[in-house]
file query02.tsv (TSV, C-alpha atoms)
chain	number	residue	atom	x	y	z
D	262	MET	CA	-42.31	-49.27	-15.46
D	263	THR	CA	-42.47	-46.91	-18.45
D	264	SER	CA	-41.52	-43.78	-16.55
D	265	GLN	CA	-41.59	-41.56	-19.66
D	266	THR	CA	-45.39	-41.88	-19.89
D	267	ILE	CA	-46.23	-41.47	-16.19
D	268	THR	CA	-47.07	-37.99	-14.90
D	269	ALA	CA	-47.16	-36.50	-11.43
D	270	ALA	CA	-50.94	-36.97	-11.34
D	271	ALA	CA	-50.35	-40.69	-10.68
D	272	ALA	CA	-49.35	-39.86	-7.10
D	273	GLY	CA	-52.69	-38.20	-6.31
D	274	THR	CA	-53.25	-34.72	-4.92
D	275	TRP	CA	-53.32	-32.78	-1.64
D	276	LYS	CA	-54.17	-29.20	-0.75
D	277	LEU	CA	-51.56	-26.67	0.34
D	278	GLY	CA	-53.88	-24.14	1.91
D	279	ASP	CA	-56.28	-23.30	-0.91
D	280	ARG	CA	-54.01	-24.71	-3.66
D	281	THR	CA	-54.28	-28.27	-4.93
D	282	VAL	CA	-50.96	-29.87	-5.90
D	283	ASN	CA	-49.85	-33.25	-7.17
D	284	ARG	CA	-48.12	-35.21	-4.41
D	285	ILE	CA	-44.92	-35.56	-6.43
D	286	GLY	CA	-43.22	-32.17	-6.62
D	287	PHE	CA	-39.69	-30.99	-7.37
D	288	GLY	CA	-37.01	-29.70	-5.02
D	289	THR	CA	-34.48	-27.29	-6.53
D	290	MET	CA	-31.62	-27.60	-4.01
D	291	ARG	CA	-29.56	-29.81	-6.33
D	292	LEU	CA	-30.33	-27.85	-9.51
D	293	PRO	CA	-27.76	-24.98	-9.40
D	294	GLN	CA	-24.70	-27.24	-9.20
D	295	HIS	CA	-23.14	-30.65	-9.77
D	296	GLY	CA	-22.24	-32.68	-6.70
D	297	GLU	CA	-22.85	-31.56	-3.16
D	298	ALA	CA	-25.28	-28.68	-2.65
D	299	LEU	CA	-24.89	-25.62	-0.42
D	300	VAL	CA	-21.10	-25.49	-0.49
D	301	PRO	CA	-19.11	-22.39	-1.59
D	302	ASP	CA	-16.96	-24.16	-4.20
D	303	ALA	CA	-19.73	-26.09	-5.97
D	304	VAL	CA	-19.41	-26.59	-9.73
D	305	PRO	CA	-22.23	-24.69	-11.48
D	306	ARG	CA	-24.64	-26.73	-13.59
D	307	ASP	CA	-25.14	-25.78	-17.22
D	308	ARG	CA	-27.96	-23.22	-17.29
D	309	ASP	CA	-29.68	-24.67	-20.36
D	310	GLN	CA	-29.67	-28.14	-18.83
D	311	ALA	CA	-31.21	-26.87	-15.59
D	312	ILE	CA	-33.88	-24.99	-17.52
D	313	ARG	CA	-34.74	-28.10	-19.54
D	314	VAL	CA	-35.19	-30.08	-16.33
D	315	LEU	CA	-37.56	-27.48	-14.84
D	316	ARG	CA	-39.64	-27.24	-18.00
D	317	ARG	CA	-39.83	-31.00	-18.32
D	318	ALA	CA	-40.94	-31.28	-14.69
D	319	VAL	CA	-43.90	-29.02	-15.41
D	320	GLU	CA	-44.66	-30.95	-18.63
D	321	LEU	CA	-44.81	-34.11	-16.49
D	322	GLY	CA	-47.43	-32.53	-14.24
D	323	VAL	CA	-45.27	-31.24	-11.41
D	324	ASN	CA	-47.04	-28.18	-9.98
D	325	HIS	CA	-45.26	-27.86	-6.62
D	326	LEU	CA	-41.71	-26.50	-6.54
D	327	ASP	CA	-39.56	-26.13	-3.43
D	328	THR	CA	-36.84	-23.47	-3.47
D	329	ALA	CA	-34.93	-20.93	-1.38
D	330	ALA	CA	-32.84	-17.83	-2.00
D	331	PHE	CA	-29.88	-19.64	-0.38
D	332	TYR	CA	-30.01	-22.38	-3.03
D	333	PHE	CA	-27.20	-21.14	-5.24
D	334	SER	CA	-23.76	-21.99	-6.56
D	335	PRO	CA	-21.24	-19.76	-8.32
D	336	LEU	CA	-23.12	-18.36	-11.36
D	337	ARG	CA	-26.39	-20.20	-10.64
D	338	SER	CA	-29.39	-19.48	-8.43
D	339	ALA	CA	-32.38	-21.81	-8.10
D	340	ASN	CA	-34.79	-18.89	-8.06
D	341	GLU	CA	-33.18	-17.34	-11.14
D	342	LEU	CA	-33.42	-20.67	-12.97
D	343	ILE	CA	-37.09	-21.05	-12.03
D	344	GLY	CA	-37.89	-17.58	-13.33
D	345	ARG	CA	-35.92	-18.10	-16.54
D	346	ALA	CA	-37.52	-21.47	-17.21
D	347	LEU	CA	-41.13	-20.96	-16.19
D	348	ALA	CA	-42.15	-17.29	-16.16
D	349	PRO	CA	-44.84	-16.30	-16.88
D	350	TYR	CA	-45.80	-18.95	-14.37
D	351	PRO	CA	-48.63	-21.46	-14.98
D	352	ASP	CA	-51.74	-20.66	-12.96
D	353	ASP	CA	-51.63	-23.99	-11.11
D	354	LEU	CA	-47.95	-23.80	-10.16
D	355	VAL	CA	-47.24	-23.47	-6.43
D	356	ILE	CA	-43.77	-22.25	-5.49
D	357	ALA	CA	-42.78	-22.80	-1.87
D	358	THR	CA	-39.68	-21.12	-0.50
D	359	LYS	CA	-38.05	-20.97	2.90
D	360	VAL	CA	-36.49	-18.27	5.02
D	361	GLY	CA	-34.38	-18.19	8.16
D	362	PRO	CA	-30.98	-19.34	6.90
D	363	GLY	CA	-28.85	-17.10	4.70
D	364	ARG	CA	-25.55	-17.21	2.81
D	365	ASP	CA	-23.26	-14.35	1.84
D	366	PRO	CA	-22.31	-13.82	-1.83
D	367	SER	CA	-19.30	-16.13	-1.46
D	368	GLY	CA	-21.57	-18.94	-0.29
D	369	ASP	CA	-20.63	-18.94	3.41
D	370	TRP	CA	-23.44	-19.35	5.92
D	371	LEU	CA	-24.73	-16.37	7.90
D	372	PRO	CA	-26.48	-16.42	11.28
D	373	HIS	CA	-30.15	-17.26	10.98
D	374	ALA	CA	-32.37	-14.25	10.38
D	375	THR	CA	-33.92	-12.32	13.25
D	376	PRO	CA	-37.62	-11.46	13.11
D	377	ALA	CA	-36.72	-8.03	11.72
D	378	GLN	CA	-34.56	-9.57	8.97
D	379	LEU	CA	-37.17	-12.03	7.73
D	380	ARG	CA	-38.99	-9.38	5.68
D	381	GLY	CA	-35.79	-8.74	3.74
D	382	GLN	CA	-35.46	-12.44	3.00
D	383	VAL	CA	-39.05	-12.63	1.81
D	384	GLU	CA	-38.51	-9.60	-0.42
D	385	GLU	CA	-35.32	-11.16	-1.81
D	386	ASN	CA	-37.30	-14.22	-2.89
D	387	LEU	CA	-39.96	-12.00	-4.45
D	388	ARG	CA	-37.34	-10.12	-6.48
D	389	GLN	CA	-35.53	-13.23	-7.63
D	390	LEU	CA	-38.73	-15.01	-8.67
D	391	GLY	CA	-40.28	-11.91	-10.20
D	392	ARG	CA	-43.50	-12.16	-8.19
D	393	ASP	CA	-45.56	-9.78	-6.07
D	394	HIS	CA	-46.46	-12.48	-3.54
D	395	LEU	CA	-45.14	-15.90	-2.49
D	396	ASP	CA	-47.41	-18.94	-2.48
D	397	VAL	CA	-45.85	-20.63	0.57
D	398	VAL	CA	-43.07	-19.45	2.88
D	399	ASN	CA	-41.59	-21.95	5.32
D	400	LEU	CA	-39.77	-20.77	8.42
D	401	ARG	CA	-36.70	-22.99	8.70
D	402	ILE	CA	-35.13	-23.17	12.13
D	403	VAL	CA	-32.38	-24.90	14.09
D	404	GLY	CA	-32.94	-26.04	17.65
D	405	THR	CA	-35.84	-26.26	20.04
D	406	ASP	CA	-36.29	-22.62	21.11
D	407	SER	CA	-39.53	-20.67	20.72
D	408	ILE	CA	-40.41	-19.62	17.17
D	409	ALA	CA	-43.20	-17.23	18.18
D	410	ASP	CA	-41.37	-13.99	17.32
D	411	ARG	CA	-40.12	-15.23	13.96
D	412	PHE	CA	-43.36	-16.91	12.91
D	413	GLY	CA	-45.26	-13.86	14.07
D	414	ALA	CA	-43.14	-11.68	11.77
D	415	LEU	CA	-44.06	-13.91	8.84
D	416	ALA	CA	-47.72	-13.81	9.85
D	417	GLU	CA	-47.56	-10.02	9.56
D	418	LEU	CA	-46.23	-10.36	6.00
D	419	ARG	CA	-49.07	-12.77	5.28
D	420	ASP	CA	-51.57	-10.19	6.55
D	421	ALA	CA	-49.87	-7.59	4.31
D	422	GLY	CA	-50.39	-9.79	1.22
D	423	LEU	CA	-46.73	-10.61	0.53
D	424	VAL	CA	-47.22	-14.26	1.51
D	425	ARG	CA	-50.22	-16.48	0.81
D	426	HIS	CA	-49.53	-19.41	3.16
D	427	LEU	CA	-47.06	-20.29	5.91
D	428	GLY	CA	-45.21	-23.46	6.81
D	429	LEU	CA	-42.41	-24.74	9.04
D	430	SER	CA	-39.14	-26.56	8.35
D	431	ASN	CA	-36.72	-28.59	10.47
D	432	ILE	CA	-38.88	-28.32	13.56
D	433	ARG	CA	-39.81	-30.33	16.64
D	434	SER	CA	-43.40	-31.37	17.25
D	435	HIS	CA	-44.10	-28.71	19.91
D	436	HIS	CA	-43.42	-25.96	17.37
D	437	ILE	CA	-46.58	-26.83	15.44
D	438	ALA	CA	-48.91	-25.84	18.27
D	439	GLU	CA	-46.88	-22.70	18.94
D	440	ALA	CA	-47.16	-21.61	15.31
D	441	GLN	CA	-50.83	-22.61	14.90
D	442	ALA	CA	-51.71	-20.27	17.75
D	443	ILE	CA	-50.37	-17.41	15.61
D	444	ALA	CA	-51.41	-18.32	12.04
D	445	PRO	CA	-52.44	-21.42	10.08
D	446	VAL	CA	-49.64	-23.85	9.18
D	447	VAL	CA	-50.23	-25.51	5.79
D	448	CYS	CA	-47.11	-27.66	5.65
D	449	VAL	CA	-44.16	-29.01	7.60
D	450	GLN	CA	-40.84	-29.79	5.90
D	451	ASN	CA	-38.61	-32.16	7.84
D	452	MET	CA	-36.13	-34.92	7.11
D	453	TYR	CA	-37.96	-38.20	6.61
D	454	GLY	CA	-37.67	-41.42	4.65
D	455	VAL	CA	-36.83	-45.10	4.92
D	456	GLY	CA	-35.31	-45.68	8.36
D	457	ALA	CA	-37.21	-42.79	9.97
D	458	SER	CA	-36.77	-42.30	13.71
D	459	PRO	CA	-39.67	-42.48	16.21
D	460	GLU	CA	-39.54	-38.69	16.56
D	461	GLN	CA	-39.88	-38.28	12.78
D	462	GLU	CA	-42.77	-40.74	12.73
D	463	GLU	CA	-44.50	-38.79	15.51
D	464	LEU	CA	-44.26	-35.55	13.53
D	465	LEU	CA	-45.72	-37.28	10.46
D	466	ARG	CA	-48.63	-38.51	12.56
D	467	ILE	CA	-49.36	-35.10	14.11
D	468	CYS	CA	-49.42	-33.45	10.69
D	469	GLY	CA	-51.84	-36.07	9.38
D	470	GLU	CA	-54.19	-35.61	12.33
D	471	GLN	CA	-54.25	-31.85	11.77
D	472	GLY	CA	-54.57	-31.97	7.98
D	473	ILE	CA	-51.14	-30.38	7.50
D	474	ALA	CA	-49.11	-31.39	4.47
D	475	PHE	CA	-45.94	-33.24	5.45
D	476	VAL	CA	-43.16	-32.47	2.95
D	477	PRO	CA	-40.11	-34.65	3.64
D	478	PHE	CA	-36.65	-33.75	2.44
D	479	TYR	CA	-33.74	-36.18	1.88
D	480	SER	CA	-36.18	-39.02	1.19
D	481	ILE	CA	-33.77	-40.37	-1.43
D	482	ALA	CA	-30.48	-39.10	-0.02
D	483	GLY	CA	-31.17	-40.26	3.54
D	484	THR	CA	-28.08	-39.73	5.65
D	485	GLY	CA	-26.26	-38.55	2.49
D	486	ARG	CA	-28.17	-35.28	2.89
D	487	THR	CA	-26.72	-32.54	0.65
D	488	VAL	CA	-24.26	-34.98	-0.97
D	489	GLY	CA	-27.08	-36.94	-2.57
D	490	ALA	CA	-28.17	-40.57	-2.79
D	491	PRO	CA	-25.94	-43.13	-1.11
D	492	ALA	CA	-23.55	-45.02	-3.39
D	493	ARG	CA	-24.57	-48.31	-1.76
D	494	ASP	CA	-28.15	-48.81	-0.67
D	495	SER	CA	-29.65	-51.24	1.82
D	496	GLY	CA	-29.99	-54.85	0.69
D	497	ARG	CA	-33.69	-54.75	1.57
D	498	VAL	CA	-34.23	-51.72	-0.65
D	499	HIS	CA	-32.34	-53.41	-3.51
D	500	ALA	CA	-34.41	-56.58	-3.20
D	501	ILE	CA	-37.70	-54.73	-3.47
D	502	ALA	CA	-36.38	-52.63	-6.36
D	503	ARG	CA	-35.48	-55.81	-8.27
D	504	THR	CA	-38.94	-57.25	-7.65
D	505	HIS	CA	-40.61	-54.23	-9.25
D	506	GLY	CA	-37.97	-53.54	-11.89
D	507	VAL	CA	-37.34	-50.03	-10.60
D	508	SER	CA	-34.49	-48.07	-9.01
D	509	THR	CA	-33.82	-47.94	-5.28
D	510	ALA	CA	-34.59	-44.21	-5.39
D	511	GLN	CA	-38.06	-44.99	-6.74
D	512	VAL	CA	-38.61	-47.50	-3.94
D	513	ARG	CA	-37.63	-44.92	-1.33
D	514	LEU	CA	-39.98	-42.34	-2.83
D	515	ALA	CA	-42.87	-44.79	-3.11
D	516	TRP	CA	-42.42	-45.89	0.51
D	517	THR	CA	-42.43	-42.27	1.65
D	518	LEU	CA	-45.57	-41.40	-0.31
D	519	GLN	CA	-47.41	-44.42	1.09
D	520	GLN	CA	-46.94	-43.20	4.68
D	521	GLY	CA	-50.05	-41.03	4.34
D	522	PRO	CA	-52.18	-39.10	1.84
D	523	HIS	CA	-50.86	-35.85	3.31
D	524	VAL	CA	-47.24	-36.66	2.35
D	525	LEU	CA	-45.82	-34.59	-0.52
D	526	ALA	CA	-42.49	-35.65	-2.02
D	527	ILE	CA	-40.05	-33.07	-3.43
D	528	PRO	CA	-37.16	-35.07	-4.94
D	529	GLY	CA	-34.62	-32.96	-6.77
D	530	THR	CA	-32.26	-33.69	-9.65
D	531	GLY	CA	-30.47	-32.05	-12.53
D	532	ASP	CA	-30.85	-35.13	-14.75
D	533	LEU	CA	-33.81	-35.60	-17.12
D	534	GLY	CA	-33.76	-39.38	-16.77
D	535	HIS	CA	-33.79	-39.25	-12.98
D	536	LEU	CA	-36.59	-36.68	-13.14
D	537	ALA	CA	-38.78	-39.07	-15.14
D	538	GLN	CA	-38.03	-41.89	-12.70
D	539	ASN	CA	-38.83	-39.73	-9.68
D	540	VAL	CA	-42.18	-38.69	-11.15
D	541	ALA	CA	-42.97	-42.28	-12.10
D	542	ALA	CA	-42.40	-43.38	-8.50
D	543	GLY	CA	-45.77	-41.83	-7.72
D	544	SER	CA	-47.44	-44.76	-9.49
D	545	LEU	CA	-45.46	-47.48	-7.67
D	546	ARG	CA	-47.50	-49.27	-5.03
D	547	LEU	CA	-45.64	-51.36	-2.47
D	548	SER	CA	-47.29	-54.23	-0.64
D	549	GLU	CA	-47.94	-54.18	3.09
D	550	ASP	CA	-45.11	-56.68	3.58
D	551	GLU	CA	-42.72	-54.51	1.55
D	552	LEU	CA	-43.71	-51.41	3.51
D	553	ALA	CA	-43.09	-53.23	6.77
D	554	THR	CA	-39.73	-54.54	5.56
D	555	LEU	CA	-38.59	-51.05	4.67
D	556	HIS	CA	-39.54	-49.72	8.09
D	557	HIS	CA	-36.54	-51.67	9.35
D	558	ALA	CA	-34.16	-50.82	6.52
D	559	ALA	CA	-31.21	-48.46	6.97
D	560	ALA	CA	-31.71	-44.78	6.26
call {"tool": "encode", "arguments": {"input": "query02.tsv", "output": "structure tokens"}}
result
Amino acid sequence: MTSQTITAAAAGTWKLGDRTVNRIGFGTMRLPQHGEALVPDAVPRDRDQAIRVLRRAVELGVNHLDTAAFYFSPLRSANELIGRALAPYPDDLVIATKVGPGRDPSGDWLPHATPAQLRGQVEENLRQLGRDHLDVVNLRIVGTDSIADRFGALAELRDAGLVRHLGLSNIRSHHIAEAQAIAPVVCVQNMYGVGASPEQEELLRICGEQGIAFVPFYSIAGTGRTVGAPARDSGRVHAIARTHGVSTAQVRLAWTLQQGPHVLAIPGTGDLGHLAQNVAAGSLRLSEDELATLHHAAA
């Protein structure tokens, strides 16, 4: 697979609200640092390197970025890097951010935002990105409690013109109906990939039935989560990768994308070579037997 010549268009497109995006996007969580993300003592990534990766992603046709104000390391902020690399922003670029969690300046986690605090988080993203509105804001939650008050607060910001579209992150299936009763949900971001649980599969199905984009995170990392891709992958994943002459990360991405036309992948990296491979995974087509085999592979 000549990944250098393959663009994000190879994965096909889907609509986020009224915006059409290529199904291979880019997640910025790993961009501000080397090693594990979202830890106070992370080693900052070289700014010029991070900027080159973002610009190359757009050159390769990526027009859907995932970010958050709490994606930062000492000296580096994902939103700052996006603004430095890409402003003035291309007309077709969709930047999705998320609110709810927060970190203090030292990098320690704060309690999740109350409904009243969500406006401040939205405004913080606006300032950092240098925009007067946000394309997509996802409410990220923890737990199973009602989200009505918090999602309602974001719906008010949507009505005020600060937010174009709303989504949800890290939710349970019942939260979709609760949110849809308040305002349209254009996407759901949840953990999903090879080895997905029945509950994760159910959420994927519900989103497909309702025409909601499903945007999985940790599709490559799996149970490695913020640490990154596992050092040793499943034997089944390795076997399929050898058959196609690709990396195991590309196999994981291809499998995820083939779970439905509404699935949007947002793999992240700070490496130009890995970026090209991730984008190229959008052109990899696995057979029905390979898809079935991977359903039983380890996460």
call {"tool": "closest_residue", "arguments": {"input": "query02.tsv", "among": "D:His325, D:Arg419, D:Arg280, D:His426", "to": "Ile356 of chain D", "atoms": "all atoms listed in the file"}}
result
D:His325
call {"tool": "closest_residue", "arguments": {"input": "query02.tsv", "among": "D:Ala348, D:Ser367, D:Gln519, D:Ile527", "to": "Ser548 of chain D", "atoms": "only C-alpha atoms"}}
result
D:Gln519
call {"tool": "residues_around", "arguments": {"input": "query02.tsv", "residues": "Glu462 of chain D", "least_positions_apart": "6", "cutoff": "10 Å", "atoms": "all atoms listed in the file", "output": "list in words"}}
result
Tyr453, Gly454, Gly456 and Gln520 of chain D
call {"tool": "residues_around", "arguments": {"input": "query02.tsv", "residues": "Gly531 of chain D", "least_positions_apart": "2", "cutoff": "8 Å", "atoms": "all atoms listed in the file", "output": "PDB file with C-alpha atoms, in the frame of the given file"}}
result
ATOM      1  CA  ARG D 291     -29.560 -29.810  -6.330  1.00  0.00           C
ATOM      2  CA  LEU D 292     -30.330 -27.850  -9.510  1.00  0.00           C
ATOM      3  CA  HIS D 295     -23.140 -30.650  -9.770  1.00  0.00           C
ATOM      4  CA  ARG D 306     -24.640 -26.730 -13.590  1.00  0.00           C
ATOM      5  CA  GLN D 310     -29.670 -28.140 -18.830  1.00  0.00           C
ATOM      6  CA  ALA D 311     -31.210 -26.870 -15.590  1.00  0.00           C
ATOM      7  CA  VAL D 314     -35.190 -30.080 -16.330  1.00  0.00           C
ATOM      8  CA  GLY D 529     -34.620 -32.960  -6.770  1.00  0.00           C
ATOM      9  CA  LEU D 533     -33.810 -35.600 -17.120  1.00  0.00           C
ATOM     10  CA  HIS D 535     -33.790 -39.250 -12.980  1.00  0.00           C
ATOM     11  CA  LEU D 536     -36.590 -36.680 -13.140  1.00  0.00           C
TER      12      LEU D 536
END
call {"tool": "atom_distance", "arguments": {"input": "query02.tsv", "atom1": "atom CA of Ile432 of chain D", "atom2": "atom CA of Asp420 of chain D"}}
result
23.2 Å
call {"tool": "atom_distance", "arguments": {"input": "query02.tsv", "atom1": "atom CA of Gln450 of chain D", "atom2": "atom CA of Asp309 of chain D"}}
result
29.0 Å
call {"tool": "atom_distance", "arguments": {"input": "query02.tsv", "atom1": "atom CA of Glu463 of chain D", "atom2": "atom CA of Thr358 of chain D"}}
result
24.3 Å
call {"tool": "residues_around", "arguments": {"input": "query02.tsv", "residues": "Asp365 of chain D", "least_positions_apart": "4", "cutoff": "10 Å", "atoms": "all atoms listed in the file", "output": "NGL selection string"}}
result
:D and (301 or 331 or 369-371)
call {"tool": "residues_around", "arguments": {"input": "query02.tsv", "residues": "Gly368 of chain D", "least_positions_apart": "6", "cutoff": "12 Å", "atoms": "all atoms listed in the file", "output": "list in words"}}
result
Ala298, Leu299, Val300, Pro301, Asp302, Ala303, Ala330, Phe331, Tyr332, Phe333, Ser334, Pro335, Leu336, Arg337, Ser338 and Pro362 of chain D
call {"tool": "closest_residue", "arguments": {"input": "query02.tsv", "among": "D:Ala414, D:Ile467, D:Ala541, D:Ala374", "to": "His435 of chain D", "atoms": "all atoms listed in the file"}}
result
D:Ile467
call {"tool": "decode", "arguments": {"input": "query02.tsv", "residues": "segment 494-525 of chain D", "atoms": "N, CA and C atoms", "output": "PDB file, in the first residue's frame"}}
result
ATOM      1  N   ASP D 494       0.439  -6.838  19.720  1.00  0.00           N
ATOM      2  CA  ASP D 494      -0.940  -6.905  19.252  1.00  0.00           C
ATOM      3  C   ASP D 494      -1.390  -8.361  19.149  1.00  0.00           C
ATOM      4  N   SER D 495      -2.684  -8.539  18.966  1.00  0.00           N
ATOM      5  CA  SER D 495      -3.272  -9.867  18.827  1.00  0.00           C
ATOM      6  C   SER D 495      -2.677 -10.597  17.624  1.00  0.00           C
ATOM      7  N   GLY D 496      -2.516 -11.919  17.764  1.00  0.00           N
ATOM      8  CA  GLY D 496      -2.020 -12.725  16.661  1.00  0.00           C
ATOM      9  C   GLY D 496      -2.926 -12.661  15.447  1.00  0.00           C
ATOM     10  N   ARG D 497      -4.225 -12.574  15.661  1.00  0.00           N
ATOM     11  CA  ARG D 497      -5.174 -12.476  14.547  1.00  0.00           C
ATOM     12  C   ARG D 497      -4.987 -11.177  13.784  1.00  0.00           C
ATOM     13  N   VAL D 498      -4.769 -10.087  14.518  1.00  0.00           N
ATOM     14  CA  VAL D 498      -4.540  -8.796  13.868  1.00  0.00           C
ATOM     15  C   VAL D 498      -3.242  -8.844  13.065  1.00  0.00           C
ATOM     16  N   HIS D 499      -2.192  -9.426  13.639  1.00  0.00           N
ATOM     17  CA  HIS D 499      -0.910  -9.536  12.939  1.00  0.00           C
ATOM     18  C   HIS D 499      -1.045 -10.358  11.659  1.00  0.00           C
ATOM     19  N   ALA D 500      -1.782 -11.441  11.714  1.00  0.00           N
ATOM     20  CA  ALA D 500      -1.931 -12.298  10.535  1.00  0.00           C
ATOM     21  C   ALA D 500      -2.596 -11.559   9.386  1.00  0.00           C
ATOM     22  N   ILE D 501      -3.634 -10.816   9.681  1.00  0.00           N
ATOM     23  CA  ILE D 501      -4.332 -10.066   8.636  1.00  0.00           C
ATOM     24  C   ILE D 501      -3.451  -8.936   8.113  1.00  0.00           C
ATOM     25  N   ALA D 502      -2.701  -8.299   9.011  1.00  0.00           N
ATOM     26  CA  ALA D 502      -1.784  -7.239   8.580  1.00  0.00           C
ATOM     27  C   ALA D 502      -0.745  -7.789   7.607  1.00  0.00           C
ATOM     28  N   ARG D 503      -0.201  -8.969   7.892  1.00  0.00           N
ATOM     29  CA  ARG D 503       0.791  -9.568   6.989  1.00  0.00           C
ATOM     30  C   ARG D 503       0.176  -9.883   5.630  1.00  0.00           C
ATOM     31  N   THR D 504      -1.053 -10.341   5.628  1.00  0.00           N
ATOM     32  CA  THR D 504      -1.729 -10.670   4.366  1.00  0.00           C
ATOM     33  C   THR D 504      -1.824  -9.457   3.449  1.00  0.00           C
ATOM     34  N   HIS D 505      -2.111  -8.309   4.038  1.00  0.00           N
ATOM     35  CA  HIS D 505      -2.308  -7.083   3.243  1.00  0.00           C
ATOM     36  C   HIS D 505      -1.046  -6.238   3.122  1.00  0.00           C
ATOM     37  N   GLY D 506       0.010  -6.610   3.843  1.00  0.00           N
ATOM     38  CA  GLY D 506       1.233  -5.814   3.801  1.00  0.00           C
ATOM     39  C   GLY D 506       1.073  -4.455   4.438  1.00  0.00           C
ATOM     40  N   VAL D 507       0.339  -4.418   5.544  1.00  0.00           N
ATOM     41  CA  VAL D 507       0.085  -3.151   6.237  1.00  0.00           C
ATOM     42  C   VAL D 507       0.420  -3.326   7.717  1.00  0.00           C
ATOM     43  N   SER D 508       0.282  -2.253   8.479  1.00  0.00           N
ATOM     44  CA  SER D 508       0.524  -2.311   9.923  1.00  0.00           C
ATOM     45  C   SER D 508      -0.725  -2.800  10.654  1.00  0.00           C
ATOM     46  N   THR D 509      -0.541  -3.245  11.893  1.00  0.00           N
ATOM     47  CA  THR D 509      -1.693  -3.661  12.690  1.00  0.00           C
ATOM     48  C   THR D 509      -2.599  -2.469  12.992  1.00  0.00           C
ATOM     49  N   ALA D 510      -2.023  -1.275  13.131  1.00  0.00           N
ATOM     50  CA  ALA D 510      -2.843  -0.085  13.353  1.00  0.00           C
ATOM     51  C   ALA D 510      -3.765   0.160  12.168  1.00  0.00           C
ATOM     52  N   GLN D 511      -3.262  -0.042  10.960  1.00  0.00           N
ATOM     53  CA  GLN D 511      -4.102   0.146   9.771  1.00  0.00           C
ATOM     54  C   GLN D 511      -5.227  -0.884   9.729  1.00  0.00           C
ATOM     55  N   VAL D 512      -4.941  -2.103  10.139  1.00  0.00           N
ATOM     56  CA  VAL D 512      -5.985  -3.131  10.191  1.00  0.00           C
ATOM     57  C   VAL D 512      -7.068  -2.733  11.180  1.00  0.00           C
ATOM     58  N   ARG D 513      -6.676  -2.256  12.343  1.00  0.00           N
ATOM     59  CA  ARG D 513      -7.655  -1.847  13.357  1.00  0.00           C
ATOM     60  C   ARG D 513      -8.528  -0.697  12.842  1.00  0.00           C
ATOM     61  N   LEU D 514      -7.912   0.262  12.187  1.00  0.00           N
ATOM     62  CA  LEU D 514      -8.678   1.390  11.646  1.00  0.00           C
ATOM     63  C   LEU D 514      -9.635   0.937  10.548  1.00  0.00           C
ATOM     64  N   ALA D 515      -9.136   0.091   9.642  1.00  0.00           N
ATOM     65  CA  ALA D 515      -9.978  -0.385   8.546  1.00  0.00           C
ATOM     66  C   ALA D 515     -11.168  -1.166   9.076  1.00  0.00           C
ATOM     67  N   TRP D 516     -10.923  -2.039  10.067  1.00  0.00           N
ATOM     68  CA  TRP D 516     -12.025  -2.799  10.663  1.00  0.00           C
ATOM     69  C   TRP D 516     -13.070  -1.843  11.242  1.00  0.00           C
ATOM     70  N   THR D 517     -12.616  -0.838  11.953  1.00  0.00           N
ATOM     71  CA  THR D 517     -13.537   0.113  12.589  1.00  0.00           C
ATOM     72  C   THR D 517     -14.365   0.844  11.537  1.00  0.00           C
ATOM     73  N   LEU D 518     -13.728   1.320  10.490  1.00  0.00           N
ATOM     74  CA  LEU D 518     -14.445   2.050   9.447  1.00  0.00           C
ATOM     75  C   LEU D 518     -15.476   1.173   8.742  1.00  0.00           C
ATOM     76  N   GLN D 519     -15.202  -0.133   8.636  1.00  0.00           N
ATOM     77  CA  GLN D 519     -16.116  -1.008   7.918  1.00  0.00           C
ATOM     78  C   GLN D 519     -17.295  -1.475   8.773  1.00  0.00           C
ATOM     79  N   GLN D 520     -17.416  -0.934   9.988  1.00  0.00           N
ATOM     80  CA  GLN D 520     -18.565  -1.276  10.829  1.00  0.00           C
ATOM     81  C   GLN D 520     -19.803  -0.462  10.482  1.00  0.00           C
ATOM     82  N   GLY D 521     -19.689   0.478   9.564  1.00  0.00           N
ATOM     83  CA  GLY D 521     -20.852   1.249   9.133  1.00  0.00           C
ATOM     84  C   GLY D 521     -20.442   2.518   8.434  1.00  0.00           C
ATOM     85  N   PRO D 522     -21.239   2.997   7.480  1.00  0.00           N
ATOM     86  CA  PRO D 522     -20.893   4.226   6.752  1.00  0.00           C
ATOM     87  C   PRO D 522     -20.923   5.466   7.626  1.00  0.00           C
ATOM     88  N   HIS D 523     -21.550   5.352   8.805  1.00  0.00           N
ATOM     89  CA  HIS D 523     -21.652   6.500   9.715  1.00  0.00           C
ATOM     90  C   HIS D 523     -20.482   6.574  10.682  1.00  0.00           C
ATOM     91  N   VAL D 524     -19.499   5.665  10.569  1.00  0.00           N
ATOM     92  CA  VAL D 524     -18.353   5.639  11.471  1.00  0.00           C
ATOM     93  C   VAL D 524     -17.268   6.580  10.948  1.00  0.00           C
ATOM     94  N   LEU D 525     -16.824   7.489  11.813  1.00  0.00           N
ATOM     95  CA  LEU D 525     -15.750   8.423  11.485  1.00  0.00           C
ATOM     96  C   LEU D 525     -14.567   8.130  12.393  1.00  0.00           C
TER      97      LEU D 525
END
